[in-house]
Every structure is written in structure tokens, then in C-alpha cells.
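> File protein_8.txt below, compact mmCIF, C-alpha atoms:
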# COMPACT_ATOMS: atom_id res chain seq x y z
CA MET A 1 -38.58 8.66 -17.41
CA PRO A 2 -36.18 5.96 -18.62
CA SER A 3 -37.74 2.96 -20.28
CA SER A 4 -37.86 -0.38 -18.46
CA SER A 5 -35.25 -1.74 -20.87
CA ASN A 6 -32.93 1.17 -20.10
CA THR A 7 -33.49 0.69 -16.39
CA SER A 8 -32.62 -2.98 -16.73
CA ARG A 9 -29.51 -2.19 -18.73
CA ARG A 10 -28.42 0.36 -16.13
CA THR A 11 -28.88 -2.18 -13.33
CA VAL A 12 -26.84 -4.81 -15.16
CA LEU A 13 -24.17 -2.29 -16.12
CA THR A 14 -23.77 -1.05 -12.57
CA ALA A 15 -23.43 -4.63 -11.35
CA LEU A 16 -20.79 -5.38 -13.98
CA LEU A 17 -18.77 -2.24 -13.38
CA ALA A 18 -19.03 -2.03 -9.61
CA GLY A 19 -19.46 -5.70 -8.77
CA GLY A 20 -22.00 -7.28 -6.46
CA LEU A 21 -20.05 -8.63 -3.52
CA ALA A 22 -22.80 -8.19 -0.96
CA VAL A 23 -25.65 -9.71 -2.93
CA PRO A 24 -25.13 -13.36 -1.85
CA LEU A 25 -24.54 -12.24 1.73
CA LEU A 26 -27.97 -10.75 2.26
CA GLY A 27 -30.14 -12.98 4.40
CA ALA A 28 -27.15 -15.18 5.19
CA ALA A 29 -25.82 -12.86 7.85
CA PRO A 30 -28.43 -11.03 9.93
CA ALA A 31 -27.19 -8.13 11.97
CA SER A 32 -27.43 -10.05 15.24
CA SER A 33 -25.09 -12.78 13.98
CA VAL A 34 -22.22 -10.61 12.77
CA PRO A 35 -19.71 -9.39 15.34
CA ALA A 36 -18.00 -6.05 14.82
CA PRO A 37 -14.28 -6.72 15.26
CA ALA A 38 -11.64 -4.07 14.84
CA LEU A 39 -10.66 -4.08 11.17
CA GLU A 40 -7.13 -3.62 9.88
CA LEU A 41 -5.64 -3.33 6.42
CA PRO A 42 -2.69 -5.58 5.56
CA PRO A 43 0.62 -4.33 6.93
CA THR A 44 2.98 -2.62 4.52
CA THR A 45 6.26 -4.29 3.57
CA GLY A 46 8.44 -1.35 2.57
CA PRO A 47 11.13 0.47 4.53
CA TYR A 48 9.25 3.78 4.83
CA PRO A 49 6.56 4.87 7.25
CA VAL A 50 3.53 6.19 5.34
CA GLY A 51 2.17 9.71 5.52
CA ARG A 52 -1.23 10.79 4.23
CA ARG A 53 -2.64 14.13 3.11
CA THR A 54 -6.09 14.75 1.71
CA LEU A 55 -6.57 17.37 -0.98
CA HIS A 56 -9.73 18.95 -2.36
CA LEU A 57 -8.95 19.91 -5.94
CA VAL A 58 -11.22 21.91 -8.23
CA ASP A 59 -10.62 22.39 -11.94
CA ARG A 60 -12.31 25.72 -12.60
CA HIS A 61 -11.65 25.43 -16.33
CA ARG A 62 -13.86 22.36 -16.79
CA THR A 63 -17.60 21.91 -16.55
CA ASP A 64 -18.59 18.93 -14.48
CA PRO A 65 -19.98 16.32 -16.92
CA TRP A 66 -22.66 15.14 -14.50
CA VAL A 67 -23.76 18.41 -12.88
CA PRO A 68 -23.04 21.31 -15.28
CA THR A 69 -24.18 23.86 -12.68
CA ALA A 70 -21.40 22.81 -10.29
CA ARG A 71 -18.55 25.27 -9.84
CA GLY A 72 -15.93 23.34 -11.78
CA ARG A 73 -14.87 19.70 -11.63
CA GLU A 74 -14.28 18.63 -8.02
CA LEU A 75 -11.97 15.85 -6.93
CA MET A 76 -10.97 14.43 -3.57
CA VAL A 77 -7.44 13.07 -3.51
CA SER A 78 -5.72 11.04 -0.81
CA VAL A 79 -1.95 11.39 -1.21
CA SER A 80 0.09 8.65 0.48
CA TYR A 81 3.85 9.13 0.54
CA PRO A 82 7.11 7.94 2.09
CA ALA A 83 7.47 9.67 5.41
CA ARG A 84 9.86 10.20 8.29
CA PRO A 85 9.02 8.43 11.55
CA SER A 86 6.61 10.56 13.57
CA GLY A 87 4.05 10.29 16.29
CA GLY A 88 1.24 11.74 14.20
CA ALA A 89 -2.39 10.74 14.39
CA PRO A 90 -3.38 7.64 12.39
CA ALA A 91 -5.07 8.38 9.08
CA ALA A 92 -8.74 7.42 8.89
CA TYR A 93 -9.87 4.80 6.40
CA MET A 94 -13.00 6.80 5.54
CA THR A 95 -15.55 8.93 7.31
CA GLU A 96 -18.52 7.29 8.99
CA SER A 97 -20.83 8.99 6.50
CA GLU A 98 -18.85 7.51 3.60
CA ALA A 99 -18.90 4.08 5.23
CA GLN A 100 -22.66 4.20 5.75
CA ARG A 101 -23.31 4.98 2.10
CA LEU A 102 -20.92 2.29 0.91
CA LEU A 103 -22.63 -0.29 3.12
CA GLU A 104 -26.04 0.79 1.84
CA ALA A 105 -24.83 0.42 -1.74
CA LYS A 106 -23.52 -3.08 -1.03
CA GLY A 107 -26.69 -4.17 0.79
CA LEU A 108 -24.96 -4.38 4.17
CA ALA A 109 -26.51 -1.48 6.06
CA GLY A 110 -27.75 -2.90 9.36
CA VAL A 111 -25.42 -5.90 9.00
CA VAL A 112 -22.09 -4.14 9.54
CA PRO A 113 -21.81 -0.95 11.62
CA ALA A 114 -20.57 2.03 9.66
CA ALA A 115 -18.28 2.95 12.54
CA THR A 116 -16.54 -0.42 12.23
CA VAL A 117 -15.68 0.15 8.56
CA ALA A 118 -14.75 3.80 9.07
CA GLY A 119 -12.45 2.80 11.93
CA THR A 120 -10.35 0.38 9.86
CA ARG A 121 -6.67 0.76 10.76
CA THR A 122 -4.64 2.00 7.78
CA HIS A 123 -0.93 2.07 8.80
CA ALA A 124 -0.61 5.69 7.71
CA GLN A 125 -0.21 8.90 9.69
CA VAL A 126 -1.86 12.24 8.94
CA ASP A 127 0.49 14.92 7.62
CA ALA A 128 3.66 13.10 8.66
CA PRO A 129 6.80 14.87 7.38
CA ALA A 130 7.89 13.56 3.99
CA ALA A 131 11.03 11.46 3.73
CA PRO A 132 13.97 13.09 1.93
CA GLY A 133 14.44 12.27 -1.72
CA ARG A 134 12.46 12.31 -4.95
CA PHE A 135 9.98 9.53 -5.62
CA PRO A 136 7.90 8.31 -8.57
CA LEU A 137 4.24 9.34 -8.64
CA VAL A 138 1.46 6.76 -9.12
CA LEU A 139 -2.19 7.72 -9.55
CA LEU A 140 -5.04 5.34 -8.64
CA SER A 141 -8.63 5.47 -9.95
CA PRO A 142 -11.32 3.27 -8.33
CA GLY A 143 -14.10 1.21 -9.88
CA PHE A 144 -17.37 2.70 -11.08
CA SER A 145 -19.44 3.94 -8.13
CA MET A 146 -16.73 2.89 -5.66
CA PRO A 147 -14.80 5.38 -3.49
CA ARG A 148 -11.02 5.78 -3.67
CA THR A 149 -10.77 4.23 -0.21
CA THR A 150 -11.24 0.75 -1.72
CA LEU A 151 -7.64 1.03 -3.00
CA THR A 152 -6.13 2.20 0.31
CA ALA A 153 -4.07 -0.94 0.95
CA LEU A 154 -2.42 -0.69 -2.47
CA ALA A 155 -1.72 3.02 -1.97
CA GLY A 156 -0.12 2.38 1.41
CA GLU A 157 2.02 -0.50 0.15
CA LEU A 158 3.38 1.52 -2.76
CA ALA A 159 4.06 4.52 -0.53
CA ALA A 160 5.98 2.35 1.94
CA ARG A 161 8.08 1.10 -1.00
CA GLY A 162 9.03 4.61 -2.11
CA TYR A 163 6.21 6.05 -4.22
CA VAL A 164 3.98 9.08 -3.86
CA VAL A 165 0.49 7.72 -4.51
CA ALA A 166 -2.57 9.83 -5.34
CA ALA A 167 -5.90 7.99 -5.03
CA VAL A 168 -8.59 10.04 -6.75
CA ASP A 169 -12.35 10.28 -6.20
CA HIS A 170 -14.26 11.69 -9.15
CA ALA A 171 -17.24 13.86 -8.16
CA TYR A 172 -20.73 12.40 -8.72
CA GLU A 173 -19.25 8.99 -9.67
CA SER A 174 -19.08 7.49 -6.16
CA VAL A 175 -21.80 6.21 -3.86
CA GLY A 176 -20.04 7.78 -0.90
CA THR A 177 -17.36 10.46 -1.05
CA GLU A 178 -17.36 13.26 1.50
CA PHE A 179 -16.29 16.71 0.33
CA PRO A 180 -15.47 19.74 2.52
CA GLY A 181 -18.35 20.85 4.69
CA GLY A 182 -19.65 17.30 5.08
CA ARG A 183 -21.13 17.23 1.56
CA VAL A 184 -21.64 13.75 0.11
CA PRO A 185 -22.73 14.30 -3.51
CA PRO A 186 -25.03 11.67 -5.02
CA CYS A 187 -23.75 9.23 -7.63
CA VAL A 188 -25.36 10.97 -10.59
CA ALA A 189 -23.35 8.83 -12.99
CA CYS A 190 -24.92 5.68 -11.53
CA ASP A 191 -28.30 6.80 -12.85
CA ARG A 192 -27.09 7.94 -16.26
CA VAL A 193 -24.44 5.55 -17.52
CA GLY A 194 -26.14 3.05 -19.77
CA VAL A 195 -29.24 5.25 -20.07
CA ASP A 196 -28.22 8.46 -21.83
CA VAL A 197 -24.44 8.42 -21.37
CA GLU A 198 -21.97 5.86 -22.70
CA GLU A 199 -19.30 4.23 -20.57
CA SER A 200 -16.65 5.93 -22.70
CA ALA A 201 -17.69 9.29 -21.27
CA VAL A 202 -16.68 8.10 -17.80
CA VAL A 203 -13.32 6.87 -19.07
CA GLU A 204 -12.51 10.05 -20.98
CA GLY A 205 -13.65 12.28 -18.12
CA ARG A 206 -11.47 10.44 -15.66
CA ALA A 207 -8.47 10.72 -17.96
CA ALA A 208 -8.90 14.50 -17.88
CA ASP A 209 -9.27 14.36 -14.09
CA LEU A 210 -6.04 12.42 -13.66
CA SER A 211 -4.08 14.77 -15.92
CA PHE A 212 -5.35 17.68 -13.83
CA VAL A 213 -4.19 15.94 -10.65
CA ILE A 214 -0.73 15.54 -12.20
CA ASP A 215 -0.72 19.26 -12.98
CA GLU A 216 -1.64 20.12 -9.40
CA LEU A 217 0.79 17.74 -7.72
CA THR A 218 3.79 18.63 -9.88
CA GLY A 219 3.09 22.34 -10.27
CA HIS A 220 3.70 23.44 -6.66
CA ARG A 221 0.19 24.85 -6.42
CA ARG A 222 -1.65 22.49 -4.09
CA ALA A 223 0.86 19.79 -3.20
CA GLY A 224 3.06 22.12 -1.13
CA VAL A 225 6.15 20.37 0.16
CA LEU A 226 5.09 17.13 -1.54
CA ALA A 227 5.78 18.69 -4.92
CA HIS A 228 9.46 18.73 -3.97
CA VAL A 229 9.58 14.97 -3.40
CA ILE A 230 7.73 13.98 -6.60
CA ASP A 231 9.83 13.03 -9.58
CA SER A 232 7.73 14.39 -12.44
CA HIS A 233 9.68 12.30 -14.96
CA ARG A 234 8.51 9.03 -13.39
CA ILE A 235 4.71 8.89 -13.37
CA GLY A 236 2.47 5.83 -13.51
CA VAL A 237 -1.25 5.18 -13.25
CA ALA A 238 -3.38 2.21 -12.22
CA GLY A 239 -7.07 1.63 -11.70
CA HIS A 240 -9.67 -0.96 -10.80
CA SER A 241 -12.57 -1.77 -13.15
CA ILE A 242 -13.45 1.34 -15.13
CA GLY A 243 -10.58 3.03 -13.32
CA GLY A 244 -8.31 0.62 -15.20
CA ALA A 245 -9.78 1.81 -18.47
CA ALA A 246 -9.12 5.37 -17.28
CA ALA A 247 -5.48 4.42 -16.64
CA MET A 248 -5.01 3.48 -20.28
CA ALA A 249 -6.95 6.52 -21.53
CA THR A 250 -4.81 8.79 -19.37
CA MET A 251 -1.65 7.35 -20.91
CA ALA A 252 -3.04 7.86 -24.40
CA ALA A 253 -3.89 11.49 -23.66
CA ASP A 254 -0.94 12.47 -21.46
CA ARG A 255 2.63 11.69 -22.50
CA ARG A 256 3.88 12.39 -18.98
CA VAL A 257 2.50 9.03 -17.83
CA ARG A 258 5.12 6.37 -18.47
CA ALA A 259 3.38 3.14 -17.38
CA GLY A 260 -0.10 1.85 -16.54
CA VAL A 261 -2.08 -1.03 -15.04
CA ASN A 262 -5.70 -2.14 -15.49
CA LEU A 263 -7.09 -4.27 -12.65
CA ASP A 264 -10.08 -6.27 -13.97
CA GLY A 265 -11.71 -3.58 -16.08
CA GLY A 266 -13.08 -3.44 -19.61
CA PHE A 267 -11.72 -0.65 -21.79
CA PHE A 268 -14.94 0.80 -23.30
CA VAL A 269 -13.33 3.36 -25.62
CA ARG A 270 -12.79 2.88 -29.32
CA ASP A 271 -9.33 1.65 -30.32
CA ALA A 272 -8.21 1.28 -26.70
CA GLY A 273 -4.47 0.74 -26.58
CA SER A 274 -3.73 3.00 -29.53
CA GLY A 275 -1.62 6.03 -28.71
CA LEU A 276 0.57 4.43 -26.03
CA GLY A 277 3.52 4.01 -28.36
CA ARG A 278 6.20 1.88 -26.69
CA ARG A 279 5.11 2.67 -23.13
CA PRO A 280 4.44 -0.41 -20.94
CA PHE A 281 1.00 -1.56 -19.87
CA MET A 282 -0.18 -4.51 -17.78
CA MET A 283 -3.66 -6.06 -17.60
CA VAL A 284 -4.52 -8.20 -14.55
CA GLY A 285 -7.99 -9.70 -14.18
CA ALA A 286 -10.22 -12.54 -13.09
CA GLU A 287 -9.76 -15.67 -15.22
CA ASP A 288 -13.49 -16.24 -15.73
CA VAL A 289 -14.04 -12.79 -17.22
CA HIS A 290 -10.75 -11.79 -18.81
CA GLY A 291 -9.17 -15.04 -19.91
CA PRO A 292 -8.72 -15.69 -23.66
CA ALA A 293 -11.66 -18.13 -23.68
CA SER A 294 -14.12 -15.71 -22.08
CA THR A 295 -16.65 -13.98 -24.30
CA GLY A 296 -17.72 -10.36 -24.40
CA ASN A 297 -14.47 -8.84 -23.18
CA ASP A 298 -12.18 -6.53 -25.15
CA TRP A 299 -8.81 -7.54 -23.74
CA ALA A 300 -7.51 -9.55 -26.69
CA GLU A 301 -8.08 -6.80 -29.25
CA THR A 302 -6.72 -4.17 -26.87
CA TYR A 303 -3.64 -6.28 -26.15
CA ASP A 304 -2.93 -6.50 -29.87
CA ARG A 305 -2.80 -2.71 -30.11
CA LEU A 306 -0.04 -2.45 -27.51
CA HIS A 307 3.43 -2.18 -29.03
CA GLY A 308 5.62 -1.77 -25.95
CA TRP A 309 6.31 -4.01 -22.98
CA LYS A 310 3.01 -5.68 -22.08
CA ARG A 311 1.52 -8.40 -19.93
CA TRP A 312 -1.93 -10.03 -19.86
CA LEU A 313 -2.37 -11.87 -16.58
CA THR A 314 -5.42 -13.61 -15.18
CA VAL A 315 -6.03 -14.97 -11.69
CA SER A 316 -7.94 -18.22 -11.25
CA GLY A 317 -10.70 -18.09 -8.66
CA ALA A 318 -10.65 -14.28 -8.47
CA GLY A 319 -13.74 -12.10 -8.39
CA HIS A 320 -14.13 -8.53 -9.54
CA PHE A 321 -13.25 -7.10 -6.12
CA SER A 322 -10.30 -9.42 -5.48
CA PHE A 323 -8.00 -6.56 -6.49
CA THR A 324 -9.34 -4.15 -3.83
CA ASP A 325 -9.56 -3.91 -0.04
CA ILE A 326 -13.11 -5.26 0.11
CA PRO A 327 -12.52 -9.05 0.32
CA TRP A 328 -9.73 -8.58 2.88
CA LEU A 329 -12.07 -6.60 5.15
CA ALA A 330 -15.11 -8.79 4.46
CA GLU A 331 -13.27 -11.89 5.62
CA GLN A 332 -12.31 -10.18 8.88
CA LEU A 333 -16.03 -9.61 9.39
CA GLY A 334 -16.80 -13.26 8.67
CA LEU A 335 -18.49 -12.29 5.39
CA PRO A 336 -16.52 -13.87 2.54
CA ASP A 337 -18.18 -14.00 -0.86
CA PRO A 338 -19.20 -17.64 -1.37
CA GLU A 339 -19.09 -17.18 -5.14
CA VAL A 340 -15.39 -16.23 -5.16
CA PRO A 341 -13.02 -19.16 -4.45
CA LEU A 342 -9.90 -17.00 -4.07
CA SER A 343 -9.44 -15.77 -0.52
CA GLY A 344 -9.18 -12.07 0.23
CA GLU A 345 -5.69 -12.69 1.58
CA ARG A 346 -4.45 -14.33 -1.63
CA GLY A 347 -6.12 -11.67 -3.75
CA TRP A 348 -4.28 -8.99 -1.83
CA TYR A 349 -0.88 -10.69 -2.06
CA ILE A 350 -1.25 -11.19 -5.81
CA THR A 351 -2.35 -7.60 -6.40
CA ARG A 352 0.41 -6.23 -4.19
CA ASP A 353 3.19 -8.32 -5.71
CA TYR A 354 2.38 -7.84 -9.39
CA VAL A 355 1.49 -4.14 -9.27
CA ARG A 356 4.54 -3.38 -7.16
CA ALA A 357 6.78 -5.41 -9.48
CA PHE A 358 5.40 -3.62 -12.54
CA PHE A 359 6.10 -0.14 -11.21
CA ASP A 360 9.47 -1.15 -9.74
CA LEU A 361 10.50 -2.36 -13.20
CA HIS A 362 9.17 0.51 -15.27
CA LEU A 363 9.52 3.51 -12.95
CA ARG A 364 12.62 2.45 -11.00
CA GLY A 365 14.44 0.17 -13.43
CA ILE A 366 14.67 -2.76 -10.99
CA PRO A 367 14.57 -6.18 -12.74
CA GLN A 368 11.53 -8.27 -11.81
CA PRO A 369 11.67 -12.03 -12.43
CA LEU A 370 8.06 -12.25 -11.21
CA LEU A 371 6.93 -10.64 -14.47
CA GLN A 372 8.74 -13.11 -16.72
CA GLY A 373 6.31 -16.01 -16.39
CA PRO A 374 4.36 -18.31 -14.05
CA THR A 375 5.89 -19.00 -10.63
CA SER A 376 5.27 -21.61 -7.94
CA SER A 377 4.74 -18.83 -5.40
CA HIS A 378 1.77 -17.48 -7.38
CA PRO A 379 0.17 -20.58 -8.95
CA GLU A 380 -3.15 -18.80 -9.48
CA VAL A 381 -1.64 -16.39 -12.03
CA ASP A 382 -1.61 -17.30 -15.73
CA PHE A 383 0.37 -15.44 -18.40
CA HIS A 384 -1.37 -15.16 -21.78
CA ARG A 385 0.52 -14.76 -25.05
CA PRO A 386 3.78 -13.79 -23.30
CA ASP A 387 5.72 -14.40 -26.52
CA SER A 388 4.05 -11.33 -28.04
CA ALA A 389 5.38 -9.00 -25.35
With the file now loaded, output its structure as C-alpha cells.

Amino acid sequence: MPSSSNTSRRTVLTALLAGGLAVPLLGAAPASSVPAPALELPPTTGPYPVGRRTLHLVDRHRTDPWVPTARGRELMVSVSYPARPSGGAPAAYMTESEAQRLLEAKGLAGVVPAATVAGTRTHAQVDAPAAPGRFPLVLLSPGFSMPRTTLTALAGELAARGYVVAAVDHAYESVGTEFPGGRVPPCVACDRVGVDVEESAVVEGRAADLSFVIDELTGHRRAGVLAHVIDSHRIGVAGHSIGGAAAMATMAADRRVRAGVNLDGGFFVRDAGSGLGRRPFMMVGAEDVHGPASTGNDWAETYDRLHGWKRWLTVSGAGHFSFTDIPWLAEQLGLPDPEVPLSGERGWYITRDYVRAFFDLHLRGIPQPLLQGPTSSHPEVDFHRPDSA
């Protein structure tokens, strides 16, 4: 049995890594008072329709770090990509089972119907034929305990702009990810991180996961026709929260990854930032937590270890989830977080514009004035120590 101090630390850690959006909403919005409108992700802005394929990948050469008796390391991967126009079926946001578990984890079961969340419109079509050409690959890793679906809007936007995007769920690290056969494995990591496992183990495990996904998508084994449209010389990675730490760790371990982004995550591993060489990295986070004056965060020391193109951006009024789909959807439900001043709409536009600009610059070579300094169109965004980049 874990001690009470370990239990307390685990609770605090989970709140810090995964956020606590629903906590202030409990009691403020009884089920009878919340309508269930049709939800929709923000429309994409690129020239391509978006296709979606879901892959179940298993690395038989690795033991799962959370359940050693499992048959390899299992991953669920949603691949969004530039597509040809087609009349295919719309891609689901998530399954109803996944939605129910996510709502339970956020304290909203009985307040929001699972079917409403699962039915969110995504602007992608299942198995649409891929557009001709070769496109950069971007991998996305979600926050601790959160499913990959919380980064669906970002995946769709990048795909519409000409990227193949692989959003990855890491087995036993999510409160609600459905695997083949309707299996929804428990979040074993939620009970162990901060008790008998360090946060660095999550980061390093995810880095190995993401390298394996690159192998599978570029090696013509599981990607099928998509392997022919991926440019294996232009690969980037981004992640939210601990997924952002995994983005940096993946770059350090895998020279194929040319550029990375951390969205509001600590780094957790020793000497984070070392090993990237001259490859570019961008850190974007909430001002209150990741600004230079905030205490207890490791961004300043990590930034100093970066020797290539780099940016340290913070967003005033942002919360931990401002860089995901959650605030956008919560506001459609009439459930904004009263502790986060930045609207879900502004959070989405900022995330979209800066992440897209970063990858357009570093994977496509398109100049991006947005990344040169503060702009009147994005007054919430502050640049820190830009003279060192």
C-alpha cells in the first residue's frame, strides 16, 4: 500500500500533468442545466481535405513498462493526412466508451453525455484517398493521462496544410483509449507515477514509442499507401504537457526528427535540451507557469542548453489545456473554466498559428514573420530572451 504522503504526491502530480479543467465546474453545472448541443472542432484553413486512418501498432521487441505481461508495447495511432476530395464517412472524434472515461476522469460524468463528446464533428473523412505528393511527417503526443483525441484539431489543421500527422496514444497511460476488440486498458501509469516510478520514465518510454511509430510509418510495413506520401527526411514532433517533454526526448534520441515543439509541459529528464545539436525547438506555455518569473519550472535551464534556432513563448491568461481541444469544446457546452481568462477560441488560434508557423519554417522552408517577435494580431504572446536565439 502506498503511504499517505505518496498518495498525496500522486494526486498533485496527476493534477499538474493532466490539468484540472473540470474541478471548478462541479456543482456549478448540474446535469439538468447543461444542454447537449452538437459539438464541432474548428474548421481547417488549408487547401487539402483531410483523411484519417487509425492504426494499432505493437512493438514486439519491447516489454511494456507498465504491464510487463502484455504482449509487447501497444500503441493506437490516428494518422491524418492531405487527401483527395471524396464522399467518405466522417471520422469519429472518439468512441463513446472513450468519451465516457474521459468525462469520468474530468468529473463531468452525468453532466455531459458521452454520446455528445464522441459525436464531435472533426472535418476528416475515414480512409479518404491520399493526395498526390510527398509531405512532411509530424508526430503528436498528448498530456499525461489524456487521450490523443485531445489534439485532434491540431492534427486536422496541419494535415489540411500539407502534413501527415500521427497522433499517438501510449498504452496504459490514458484514462480512455479503446484498442481492438473494445478493450480500454486502465491508466496504470496514473497510479504509479510519483509513487514508485519517476516522471522521466514516462518521457523516455514515449520517446521510444515515437521512434517506433516513425519506423512503422516510413518502413512500408503498416502505413501502406501512406508510406509513399511521407517524406522521411522532413519529420517533426510536438506534444502537450508531458508529451512536450517526450517531443524533446525523441529529438535527442532520434536524429531523424528535425524539429520539435513543447506545449506547456515540464521536461522532467536530466539535462533536457542536450543532444539536439543545432536542430530547432520551440516552447509555448502559459505565462503563469512558464514565464521567466515563475518558480519551480525548468524552462530557463532547458532553453540555455539549446544551441539551434529556438523560441520561448508564453501566453497570458492561458491555462494548461488552452493548447488542446478541451476549452474549445467546453465553451460550446457552456462550461468554460472560470479560472482561465483566455477563451478557448483564442487559445486555439494561438496554438494553430504558432505551431503551424514553426513547422512551415523548419520542415518546409517558408519564412514566418510571426516567429520573429510580438505582433498586434497575437497580443497575448510574449517572446522571452529572443536575442539568444
> One decimal, Å: what's the distance from atom CA of Gly317 of chain A over to atom CA of Asp337 of chain A, could you say?
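Computing it gives 11.6 Å between the two atoms.
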> List as JSON lines every residue of segment 238-337 of chain A that is in contact with segment 345-366 of chain A, defined as an atom at most 6 Å from one of its atoms (using only C-alpha atoms), together with the nearest atom pair and the distance in Å rounded to one decimal, sorted by chain and then rising number.

{"residue": "A:Ser322", "atom": "CA", "partner": "A:Gly347", "partner_atom": "CA", "distance": 5.1}
{"residue": "A:Phe323", "atom": "CA", "partner": "A:Thr351", "partner_atom": "CA", "distance": 5.7}
{"residue": "A:Trp328", "atom": "CA", "partner": "A:Glu345", "partner_atom": "CA", "distance": 5.9}
> Considering all atoms listed in the file, give me a table of residues in segment 159-216 of chain A that are at most 10 Å from segment 41-61 of chain A, with the closest atom pair and distance in Å for each, as a tab-separated table.

residue	atom	partner	partner_atom	distance
A:Ala159	CA	A:Val50	CA	6.1
A:Ala160	CA	A:Gly46	CA	4.5
A:Arg161	CA	A:Gly46	CA	4.3
A:Gly162	CA	A:Tyr48	CA	7.0
A:Tyr163	CA	A:Tyr48	CA	9.8
A:Val164	CA	A:Gly51	CA	9.6
A:Val165	CA	A:Arg52	CA	9.4
A:Ala166	CA	A:Thr54	CA	9.3
A:Ala167	CA	A:Thr54	CA	9.5
A:Val168	CA	A:Leu55	CA	9.5
A:Asp169	CA	A:His56	CA	9.8
A:Phe179	CA	A:His56	CA	7.4
A:Pro180	CA	A:His56	CA	7.6
A:Asp209	CA	A:Asp59	CA	8.4
A:Phe212	CA	A:Asp59	CA	7.3
A:Val213	CA	A:Leu57	CA	7.8
A:Glu216	CA	A:Leu57	CA	8.1
> Please write the residues from the selection above to a file, keeping C-alpha atoms, as a PDB file, in the frame of the given file.

ATOM      1  CA  ALA A 159       4.060   4.520  -0.530  1.00  0.00           C
ATOM      2  CA  ALA A 160       5.980   2.350   1.940  1.00  0.00           C
ATOM      3  CA  ARG A 161       8.080   1.100  -1.000  1.00  0.00           C
ATOM      4  CA  GLY A 162       9.030   4.610  -2.110  1.00  0.00           C
ATOM      5  CA  TYR A 163       6.210   6.050  -4.220  1.00  0.00           C
ATOM      6  CA  VAL A 164       3.980   9.080  -3.860  1.00  0.00           C
ATOM      7  CA  VAL A 165       0.490   7.720  -4.510  1.00  0.00           C
ATOM      8  CA  ALA A 166      -2.570   9.830  -5.340  1.00  0.00           C
ATOM      9  CA  ALA A 167      -5.900   7.990  -5.030  1.00  0.00           C
ATOM     10  CA  VAL A 168      -8.590  10.040  -6.750  1.00  0.00           C
ATOM     11  CA  ASP A 169     -12.350  10.280  -6.200  1.00  0.00           C
ATOM     12  CA  PHE A 179     -16.290  16.710   0.330  1.00  0.00           C
ATOM     13  CA  PRO A 180     -15.470  19.740   2.520  1.00  0.00           C
ATOM     14  CA  ASP A 209      -9.270  14.360 -14.090  1.00  0.00           C
ATOM     15  CA  PHE A 212      -5.350  17.680 -13.830  1.00  0.00           C
ATOM     16  CA  VAL A 213      -4.190  15.940 -10.650  1.00  0.00           C
ATOM     17  CA  GLU A 216      -1.640  20.120  -9.400  1.00  0.00           C
TER      18      GLU A 216
END
> Find the distance between atom CA of Val381 of chain A and atom CA of Glu287 of chain A and write it in Å to one decimal.
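We find that atom CA of Val381 of chain A and atom CA of Glu287 of chain A lie 8.8 Å from each other.
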> For segment 293-303 of chain A, list every protein, DNA or RNA residue within 10 Å, evaluated using all atoms listed in the file, and leave out those in the same chain fewer than 4 positions away; present the list as a list in words.
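After dropping sequence-adjacent residues, the list is Asp264, Gly265, Gly266, Phe267, Phe268, Val269, Arg270, Asp271, Ala272, Gly273, Ser274, Phe281, Met282, Met283, Gly285, Glu287, Asp288, Val289, His307, Lys310, Arg311, Trp312, His384, Arg385, Ser388 and Ala389 of chain A.
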> Using only C-alpha atoms, please write the residues we just selected to a file, as a JSON list (two decimals), in the coordinates of the input.

[["chain", "number", "residue", "atom", "x", "y", "z"],
["A", 264, "ASP", "CA", -10.08, -6.27, -13.97],
["A", 265, "GLY", "CA", -11.71, -3.58, -16.08],
["A", 266, "GLY", "CA", -13.08, -3.44, -19.61],
["A", 267, "PHE", "CA", -11.72, -0.65, -21.79],
["A", 268, "PHE", "CA", -14.94, 0.80, -23.30],
["A", 269, "VAL", "CA", -13.33, 3.36, -25.62],
["A", 270, "ARG", "CA", -12.79, 2.88, -29.32],
["A", 271, "ASP", "CA", -9.33, 1.65, -30.32],
["A", 272, "ALA", "CA", -8.21, 1.28, -26.70],
["A", 273, "GLY", "CA", -4.47, 0.74, -26.58],
["A", 274, "SER", "CA", -3.73, 3.00, -29.53],
["A", 281, "PHE", "CA", 1.00, -1.56, -19.87],
["A", 282, "MET", "CA", -0.18, -4.51, -17.78],
["A", 283, "MET", "CA", -3.66, -6.06, -17.60],
["A", 285, "GLY", "CA", -7.99, -9.70, -14.18],
["A", 287, "GLU", "CA", -9.76, -15.67, -15.22],
["A", 288, "ASP", "CA", -13.49, -16.24, -15.73],
["A", 289, "VAL", "CA", -14.04, -12.79, -17.22],
["A", 307, "HIS", "CA", 3.43, -2.18, -29.03],
["A", 310, "LYS", "CA", 3.01, -5.68, -22.08],
["A", 311, "ARG", "CA", 1.52, -8.40, -19.93],
["A", 312, "TRP", "CA", -1.93, -10.03, -19.86],
["A", 384, "HIS", "CA", -1.37, -15.16, -21.78],
["A", 385, "ARG", "CA", 0.52, -14.76, -25.05],
["A", 388, "SER", "CA", 4.05, -11.33, -28.04],
["A", 389, "ALA", "CA", 5.38, -9.00, -25.35]]
> Would you pick out the contacts of Ala91 of chain A at 6 Å or less, using all atoms listed in the file, so that residues sharing its chain but fewer than 5 positions from it are not included, and give the list as a PyMOL selection string?
chain A and resi 124-126
> Of the residues A:Pro147, A:Gly291, A:Pro369, A:Gly133, which is the one nearest to Glu98 of chain A, using only C-alpha atoms?
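Residue with the minimum atom-to-atom distance to Glu98 of chain A: A:Pro147.
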> Using all atoms listed in the file, which of A:Gly176, A:Gly243, A:Gly308, A:Pro292 sits nearest Gly205 of chain A?
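The answer is A:Gly243, which sits nearest to Gly205 of chain A.
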> Can you pull out every residue within 8 Å of Leu103 of chain A, counting only C-alpha atoms, but drop anything in the same chain fewer than 4 positions away, and send it as a ChimeraX atom specification?
/A:99,107-109,112,114
> Using all atoms listed in the file, which residue out of A:Pro327, A:Thr95, A:Glu74, A:Cys187 lies closest to Arg62 of chain A?
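When distances to Arg62 of chain A are compared using all atoms listed in the file, the smallest one comes from A:Glu74.
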> Interatomic distance between atom CA of His290 of chain A and atom CA of His240 of chain A?
13.5 Å
> Looking at A:Pro65, A:Gly239, A:Pro367, A:Gly373, which one is nearest to Thr150 of chain A, with distances taken over all atoms listed in the file?
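Under the stated criterion, the closest residue is A:Gly239.
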> The centre and edge lengths of an axis-aligned box containing all atoms of segment 353-362 of chain A present in the file, extended by 3 Å on each side, are to be given in Å to one decimal, as JSON.

{"center_x": 6.0, "center_y": -3.9, "center_z": -10.5, "size_x": 15.0, "size_y": 14.8, "size_z": 15.6}
